[in-house]
Every structure is written in structure tokens, then in C-alpha cells.
Amino acid sequence: MISKPAKAAWNFTYIIVIIGIGYFTFISSSKINYIWRWNTIPSYIIYTSHDTVSSPFNGFVEGYKNGELTIKSLHGVTKKFKLEKSAVKKGNVVDQGDELGYNVSHKAGALLLGLLTTLKISIIAIFFAIIIGIITGLMRIAENPLLKNLAITYIELIRGTPLLVQIFIFYFFIGTVFNLDRIVSGIGALAVFEGAYIAEIVRAGIQSIGKDQTEAALSIGMNYFQLMRHIIMPQAIKRTMPAMAGQFISLIKDSSLVSIISITDLTKAGREIVSSTFSPFEIWFTVAAMYLVLTYSLSSLTHLLERKMAKSDR
Amino acid sequence: MTDKKYAVRARNIYKVYPNEIKALNGVSLNVDYGEVLVIIGASGSGKSTFLRTLNRLEEINSGSIEVLGTDIFNKKTKPTKLRTKIGMVFQHFNLFPHLTVMENITIGQIKVKKVNKKDAVDLATVLLKKVGIVEKADVYPEQLSGGQQQRVAIARALAMKPQLMLFDEATSALDPEMIGEVLDVMEKVAKEGMTMIVVTHEMDFAKAAADRIAFMNQGKITEIATPEEILANDNNPQLKQFLNKIH
């Protein structure tokens with residue numbers, strides 16, 4: 001047991017170490033003659049765009065009031081525009097196509113779009129990975145040798161080969177044979193890959209539930225499906241939550257590999273920006289931070305869920 | 001002579017475990033409807049194994065068993081259907097920890113017998129009153145004492161409206177002060193005319209509630225008689241030794 005003042009001292013040391021690492025990074029980066037341009041980064045997340053509005057006809061400006069510009073055509077037709085900023089004044093003559101002013105809107109930058117793609121891919125892949133994982137997990141513990149061996153083959157094949165290679169196979173072979181879209185190939189490869197790991201988690205979870213539960217459920221007449229659905233799975237899922245959460249976090253990180261088949265996820269977006277801005281340091285730090293936001297929110301969410309579910313724990 | 005109808009009719013049951021241990025070595029037994037049969041015997045004598053063959057939690061190597069008029073090892077017999085008619089109470093209660101007491105008692109009715117929820121809750125409430133813990137309906141099993149858990153387990157079995165109840169050492173895992181409350185419930189069920197097969201070491205319960213006592217030794221029923229006859233038996237040295245040990 002560490003005493004309170006000692007704890008405070010260690011925490012202080014921790015902060016010093018972190019600052020030290022930061023300083024070291026700063027010093028070493030200033031030695032390599034690199035120009036940091038952090039100010040360009042926010043525009044890759046959210047940028048304000050000026051949407052210019054041009055005049056639809058030849059005429060003159062009647063006035064600009066309360067963000068509304070009124071123009072009148074030579075034929076006496078009046079038209080009103082909502083404009084945040086007007087480029088013309090009352091009495092100005094405008095020709096067709098002339099700029100009247102612009103509206104300001106906030107748009108998602110390339111990195112944020114990439115993040116959303118990563119999120120979308122991950123959520124869909126997690127959904128299918130869970131289904132694949134539960135089915136294979138159940139097959140894995142089945143007595144029937146066909147089901148069992150199929151499950152083992154699948155799990156061993158997937159766990160024994162690199163995800164990157166699987167993505168290539170999915171995209172170039174399966175994707176070509178079945179004429180799949182690249183994003184479908186990417187999601188498919190991820191789901192199949194993580195499914196194998198989830199299957200092992202499911203298997204371990206089910207096997208951790210004692211035989212007494214099975215016997216009790218059978219003794220009131222439940223069949224295999226009811227036993228799994230109402231008795232074993234609810235307990236197994238609760239028990240495997242931490243492992244599952246870890247696997248989902250892995251999936252989010254692994255999804256960066258689908259950028260290799262030209263899916264514009266967060267990683268690919270980062271690469272594209274780097275090649276146009278030559279600011280690799282800032283971009284990759286930002287990309288890393290954005291992945292961290294996803295994974296950290298997920299792990300916080302599961303912690304919350306775990307605590308909520310703990311009320312009926314043994 | 002036409003065959004008399006028995007609740008349980010077991011003929012020459014043999015069961016050998018994969019490690020060559022003979023668990024059941026030719027067990028034959030008839031149990032009448034409404035009878036309370038207590039099975040006693042040293043641990044490893046096969047009494048629990050025999051009980052568990054009656055609802056097919058254990059398979060057998062040879063012999064035949066009829067339970068409630070059904071040949072239970074016939075290929076056409078569905079174990080799930082059979083088991084709804086046979087209640088079982090386990091040594092370690094085996095309650096479902098993720099369900100409340102009420103849900104433990106209603107889940108079989110709702111999911112297996114497709115009873116609607118209200119009727120299931122009504123019956124469960126009646127049963128909880130019978131076992132004396134109606135106030136604990138909404139708590140989880142972990143918050144109950146062993147005796148309370150076992151009474152819930154009895155209610156869970158009764159909720160399926162079984163015609164036969166099997167008790168597998170229902171009080172062996174309990175602290176001594178809780179054994180009485182569970183035995184009381186068991187006696188209550190017995191008095192209502194339930195057919196019961198009870199594996200136990202509680203001779204007081206056997207004396208009070210049993211119609212017959214069967215003594216098992218090395219996978220065989222070596223004595224079966226009324227409680228008075230069993231307790232007075234002088235010819236069976238193993239039985240005598242066993243009775244002396246548990247008293």
C-alpha cells in the first residue's frame with residue numbers, strides 16, 4: 001500500500017515524465033528542420049465554405065435588409081435571396097451571373113469524412129462479426145463432427161493468416177468472383193476475420209457457464225435453442241463483455257487496413273492529405289487521436305454497460 | 001393379469017461410465033403413483049445416477065425405464081416433453097443467476113409451456129407462498145440464503161405442474177440450520193399426494209414422509225421396504241453399517 005503523499009509524489013513524477021517526453025519530441029522535431037503547420041489541420045476536420053450566390057438575371061439591387069437581398073430585373077420581376085454577406089449595395093446594377101454575396105456553411109473535412117467511413121465500416125463489420133462469431137462459437141462446441149470441424153477449420157484458417165492478405169483475397173478473388181463492391185469486400189474481410197476471434201470468445205464464455213445451468217434448464221423441459229437463448233447466452237455474454245469490447249476495439253483499429261483497397265477511411269484520408277500538404281507529422285498525429293476518440297468512447301461505453309449489468313452478478 | 005400402472009418402472013438398468021466404473025449394476029424398481037420413495041446409500045452407490053436416468057439427464061447402457069407410462073429410451077420419446085412432467089431439484093439448487101426469483105419460476109412456463117405471462121406469475125405467486133418466500137419474488141438468487149434458494153428451486157420445478165418430483169440430495173449442500181425449512185416444504189409437497197423419489201441422508205424425513213425406503217449399494221438396490229422395516233433390518237450388514245454411520 002502506497003501512502004497518500006507518496007502517491008501524490010508519484011503522480012507528480014508522472015506529469016513531469018509526460019512533459020519531458022513532449023519536450024523531447026519538440027526538441028528532436030525542431031532539429032530536423034520541419035515546419036509545423038498545425039493551423040491547417042482543423043480545416044481537414046471541419047471547414048467553413050462560402051457558397052456564393054449569383055444573380056439569375058440582369059437587373060439592379062433594391063436593398064439588403066435583415067440578411068435578405070432583394071433584386072429587381074429589368075422586366076420588373078423582384079427576387080429575394082437569403083444571404084449572410086452581401087457583395088453588392090443598393091442601386092448597384094448586376095448582370096446575370098454576377099456574384100451577389102455568399103452564405104457560410106460548415107462542412108465536414110476529409111478527415112472527418114474518413115472517420116465517419118471508418119465508423120460505418122466498423123459498426124457494420126462488428127454486427128456481422130457477432131453473428132458469425134456466435135454461430136461458429138456454437139458450432140465449435142457442438143458434438144456433431146461436421147459442424148465442429150467446419151468451425152475449427154474456419155477459426156484456424158482465419159487466425160493463421162494475416163488480415164492484410166485476407167483483405168487482398170477478399171477483394172481480388174472473392175470480390176471479383178461475386179462482383180462485390182470494394183466497401184463490401186472490406187467489410188466482409190473484417191467481419192470474417194474478427195468473427196473467428198469472437199467465436200473463440202463465445203466458446204470460452206459458454207464453457208465457463210457451469211453444467212448445472214444446462215441440467216437445470218433441461219430439467220424444466222427446455223430444448224437446446226431455449227437453453228442457449230434464455231439461460232447460457234445471457235450469462236456468457238455478460239461474462240465475455242470485457243473480451244468482446246477488446247475485440248471490437250481491435251476491429252476499429254484493424255479497419256485501417258481496408259484503406260489498402262482504396263476505401264477512403266480515416267487512414268486513407270490521412271494519406272491523401274499528406275500527399276498534398278507534405279505535413280505528415282501533424283496529419284498522422286491527428287489521425288491517431290481520432291482513432292483514439294473512437295476506441296476510447298467504445299471502452300468507456302462498455303465499462304458503463306458492465307457496471308449496469310453487474311447488479312445481477314453472482 | 002393386466003399390468004398395474006406405475007409412475008416409474010425400471011427394469012435391469014445397467015450403466016457403465018467410460019472409465020469402466022459400473023454406476024448402475026442391474027437396478028429394477030417400481031414406484032406407485034402417489035408414492036414417496038426415499039433412496040439411501042453411501043456416496044458412490046449410484047443413487048444420484050439412477051435418479052438422473054429417470055429424466056434422461058443420464059443415458060443407460062441397457063435395461064428399460066417407463067416413467068409416467070412412457071418408455072423414456074424409445075426413439076420416439078422426446079426428452080424435452082418428458083421432462084416437463086418430471087420436476088427435479090438439485091443438490092446445488094442450480095437457480096439461474098441472471099434471473100430474478102419470479103423469472104426463475106416463470107421462465108419454464110412461459111418459454112416451454114407457452115403459458116401467458118400473467119397466468120405464469122399468478123401460479124408462481126401461489127407457489128412462492130407455498131414455499132414461504134413470496135416477499136423475495138423480485139430479488140436475484142445470490143441475495144438469498146441456501147435454504148431460500150432451494151425453496152425457490154422447488155417452486156421452479158413445481159411450476160411446470162409435474163406428475164413426478166425427483167430430489168437429488170436437496171439438503172446436502174445446506175447449512176444445518178436451513179435443512180429443516182427445505183424438508184418442511186418437501187413434506188408439504190408429499191402430503192399433497194405428489195409422487196416423489198428422494199435421494200437423501202435425512203432419515204427423519206424418510207421416517208416421516210416415505211412410503212418405502214430403498215437402500216442402494218454398489219449400483220444395486222439391495223433392500224426396499226417400509227421405513228420401519230428398513231430401520232429394523234438386521235440381515236444386511238452394509239445397510240446396518242450405513243445407518244450407524246449417518247446417525
# chains A, B, ... in the order shown; residues from 1 in each chain; ligands from 1
$ interface_residues --of "chain A" --to "chain B" --cutoff "12 Å" --atoms "only C-alpha atoms" --output "PyMOL selection string"
chain A and resi 209-227+229-239+309-314
$ residues_around --residues "His50 (chain A)" --least-positions-apart "4" --cutoff "8 Å" --atoms "only C-alpha atoms" --output "ChimeraX atom specification"
/A:102-105
$ residues_around --residues "Ile230 (chain B)" --least-positions-apart "3" --cutoff "9 Å" --atoms "only C-alpha atoms" --output "list in words"
Arg212, Ile213, Ala214, Phe215, Glu223, Ile224, Ala225, Thr226, Pro227, Asn233, Asp234 and Leu239 of chain B
$ write_last_selection --atoms "C-alpha atoms" --output "CSV table (one decimal), in the first residue's frame"
chain,number,residue,atom,x,y,z
B,212,ARG,CA,-40.8,-47.0,1.2
B,213,ILE,CA,-37.1,-46.7,1.5
B,214,ALA,CA,-34.7,-48.2,-1.0
B,215,PHE,CA,-31.1,-48.9,0.1
B,223,GLU,CA,-33.2,-53.6,0.2
B,224,ILE,CA,-36.5,-52.0,-0.4
B,225,ALA,CA,-39.2,-51.8,2.4
B,226,THR,CA,-41.2,-49.5,4.6
B,227,PRO,CA,-39.2,-47.2,6.9
B,233,ASN,CA,-33.4,-54.7,9.3
B,234,ASP,CA,-30.8,-56.9,10.8
B,239,LEU,CA,-27.3,-51.3,5.5
$ residues_around --residues "region 16-27 of chain B" --least-positions-apart "3" --cutoff "8 Å" --atoms "only C-alpha atoms" --output "list in words"
Ala10, Arg11, Asn12, Ile13, Gly44, Ser45, Gly46, Thr49, Phe50, Ile60, Asn61, Gly63, Gln218, Gly219, Lys220 and Ile221 of chain B
$ select_by_dssp --residues "region 66-187 of chain B" --states "helix (DSSP H, G or I)" --output "ChimeraX atom specification"
/B:79-84,101-112,117-131,134-136,141-143,146-158,176-187
$ closest_residue --among "B:Ser145, B:Asn30, B:Gln163, B:Thr106" --to "Met196 (chain B)" --atoms "only C-alpha atoms"
B:Gln163
$ select_by_dssp --residues "region 49-289 of chain A" --states "strand (DSSP E or B)" --output "PyMOL selection string"
chain A and resi 49-54+59-65+68-73+78-82+85-86+93-94+99-108
$ write_last_selection --atoms "N, CA and C atoms" --output "CSV table (one decimal), in the first residue's frame"
chain,number,residue,atom,x,y,z
A,49,SER,N,-17.4,26.9,-45.6
A,49,SER,CA,-17.3,27.1,-47.0
A,49,SER,C,-18.2,28.3,-47.4
A,50,HIS,N,-17.7,29.1,-48.3
A,50,HIS,CA,-18.5,30.3,-48.7
A,50,HIS,C,-19.2,29.9,-50.0
A,51,ASP,N,-20.5,29.7,-49.9
A,51,ASP,CA,-21.3,29.3,-51.1
A,51,ASP,C,-21.8,30.6,-51.7
A,52,THR,N,-21.2,30.9,-52.8
A,52,THR,CA,-21.6,32.2,-53.5
A,52,THR,C,-22.9,32.0,-54.2
A,53,VAL,N,-23.6,33.2,-54.2
A,53,VAL,CA,-24.9,33.2,-54.9
A,53,VAL,C,-24.8,34.2,-56.0
A,54,SER,N,-25.2,33.8,-57.2
A,54,SER,CA,-25.1,34.7,-58.3
A,54,SER,C,-26.4,35.1,-58.9
A,59,GLY,N,-30.3,43.1,-63.8
A,59,GLY,CA,-31.2,44.0,-63.0
A,59,GLY,C,-30.5,44.9,-62.1
A,60,PHE,N,-31.1,45.3,-61.0
A,60,PHE,CA,-30.4,46.2,-60.0
A,60,PHE,C,-30.9,45.8,-58.6
A,61,VAL,N,-30.0,46.2,-57.7
A,61,VAL,CA,-30.2,45.8,-56.3
A,61,VAL,C,-31.2,46.8,-55.7
A,62,GLU,N,-32.3,46.2,-55.1
A,62,GLU,CA,-33.3,47.1,-54.4
A,62,GLU,C,-32.8,47.4,-53.0
A,63,GLY,N,-32.2,46.4,-52.3
A,63,GLY,CA,-31.8,46.7,-51.0
A,63,GLY,C,-31.3,45.4,-50.3
A,64,TYR,N,-30.7,45.5,-49.1
A,64,TYR,CA,-30.2,44.4,-48.3
A,64,TYR,C,-30.6,44.7,-46.9
A,65,LYS,N,-31.5,43.9,-46.4
A,65,LYS,CA,-32.1,44.1,-45.1
A,65,LYS,C,-32.3,42.8,-44.3
A,68,GLU,N,-31.5,39.7,-46.0
A,68,GLU,CA,-32.2,39.4,-47.2
A,68,GLU,C,-31.9,40.4,-48.3
A,69,LEU,N,-31.5,39.9,-49.5
A,69,LEU,CA,-31.2,40.8,-50.6
A,69,LEU,C,-32.3,40.7,-51.6
A,70,THR,N,-32.7,41.9,-52.0
A,70,THR,CA,-33.8,41.9,-53.0
A,70,THR,C,-33.3,42.5,-54.3
A,71,ILE,N,-33.5,41.9,-55.4
A,71,ILE,CA,-33.1,42.4,-56.7
A,71,ILE,C,-34.3,42.5,-57.6
A,72,LYS,N,-34.2,43.4,-58.5
A,72,LYS,CA,-35.3,43.6,-59.4
A,72,LYS,C,-34.8,43.5,-60.8
A,73,SER,N,-35.5,42.7,-61.7
A,73,SER,CA,-35.0,42.6,-63.0
A,73,SER,C,-35.4,43.7,-63.9
A,78,THR,N,-39.2,40.9,-59.1
A,78,THR,CA,-38.3,41.0,-58.0
A,78,THR,C,-38.0,39.6,-57.4
A,79,LYS,N,-36.8,39.5,-56.9
A,79,LYS,CA,-36.5,38.2,-56.3
A,79,LYS,C,-35.7,38.4,-55.0
A,80,LYS,N,-35.9,37.6,-54.0
A,80,LYS,CA,-35.2,37.8,-52.7
A,80,LYS,C,-34.3,36.6,-52.5
A,81,PHE,N,-33.2,36.9,-51.9
A,81,PHE,CA,-32.2,35.9,-51.5
A,81,PHE,C,-31.8,36.0,-50.1
A,82,LYS,N,-31.7,34.9,-49.4
A,82,LYS,CA,-31.1,34.9,-48.0
A,82,LYS,C,-29.6,34.9,-48.2
A,85,LYS,N,-23.8,37.4,-46.3
A,85,LYS,CA,-22.9,38.6,-46.6
A,85,LYS,C,-23.2,39.0,-48.0
A,86,SER,N,-23.5,40.3,-48.1
A,86,SER,CA,-23.8,40.8,-49.4
A,86,SER,C,-22.6,41.4,-50.1
A,93,VAL,N,-26.0,47.9,-60.3
A,93,VAL,CA,-26.5,47.2,-61.4
A,93,VAL,C,-25.8,45.8,-61.5
A,94,VAL,N,-26.6,44.8,-61.6
A,94,VAL,CA,-26.0,43.4,-61.7
A,94,VAL,C,-26.3,42.8,-63.0
A,99,GLU,N,-21.8,37.9,-58.9
A,99,GLU,CA,-21.9,37.5,-57.5
A,99,GLU,C,-22.6,38.5,-56.7
A,100,LEU,N,-23.7,38.0,-56.0
A,100,LEU,CA,-24.5,38.9,-55.1
A,100,LEU,C,-23.9,38.9,-53.7
A,101,GLY,N,-23.3,37.7,-53.3
A,101,GLY,CA,-22.8,37.6,-52.0
A,101,GLY,C,-22.7,36.1,-51.7
A,102,TYR,N,-22.5,35.7,-50.4
A,102,TYR,CA,-22.4,34.3,-50.1
A,102,TYR,C,-23.0,33.9,-48.8
A,103,ASN,N,-23.3,32.7,-48.6
A,103,ASN,CA,-23.7,32.1,-47.4
A,103,ASN,C,-22.6,31.3,-46.8
A,104,VAL,N,-22.5,31.2,-45.5
A,104,VAL,CA,-21.4,30.5,-44.8
A,104,VAL,C,-22.0,29.2,-44.4
A,105,SER,N,-21.4,28.0,-44.7
A,105,SER,CA,-21.8,26.8,-44.1
A,105,SER,C,-20.6,26.0,-43.6
A,106,HIS,N,-20.9,25.1,-42.6
A,106,HIS,CA,-19.8,24.3,-42.1
A,106,HIS,C,-19.9,22.9,-42.7
A,107,LYS,N,-18.7,22.5,-43.3
A,107,LYS,CA,-18.8,21.2,-43.9
A,107,LYS,C,-17.7,20.3,-43.3
A,108,ALA,N,-18.0,19.0,-43.4
A,108,ALA,CA,-17.0,18.0,-42.8
A,108,ALA,C,-15.8,18.0,-43.7
$ closest_residue --among "A:Met244, A:Leu113, A:Ile32, A:Leu301" --to "Gly270 (chain A)" --atoms "only C-alpha atoms"
A:Leu113
$ residues_around --residues "region 199-207 of chain B" --least-positions-apart "3" --cutoff "7 Å" --atoms "only C-alpha atoms" --output "ChimeraX atom specification"
/B:38-40,47-48,167-169,183,210,227
$ closest_residue --among "A:Ile132, A:Ile126, A:Ala151, A:Ala110" --to "Tyr47 (chain A)" --atoms "only C-alpha atoms"
A:Ala110
$ atom_distance --atom1 "CA of Thr171 (chain B)" --atom2 "CA of Val101 (chain B)"
19.3 Å
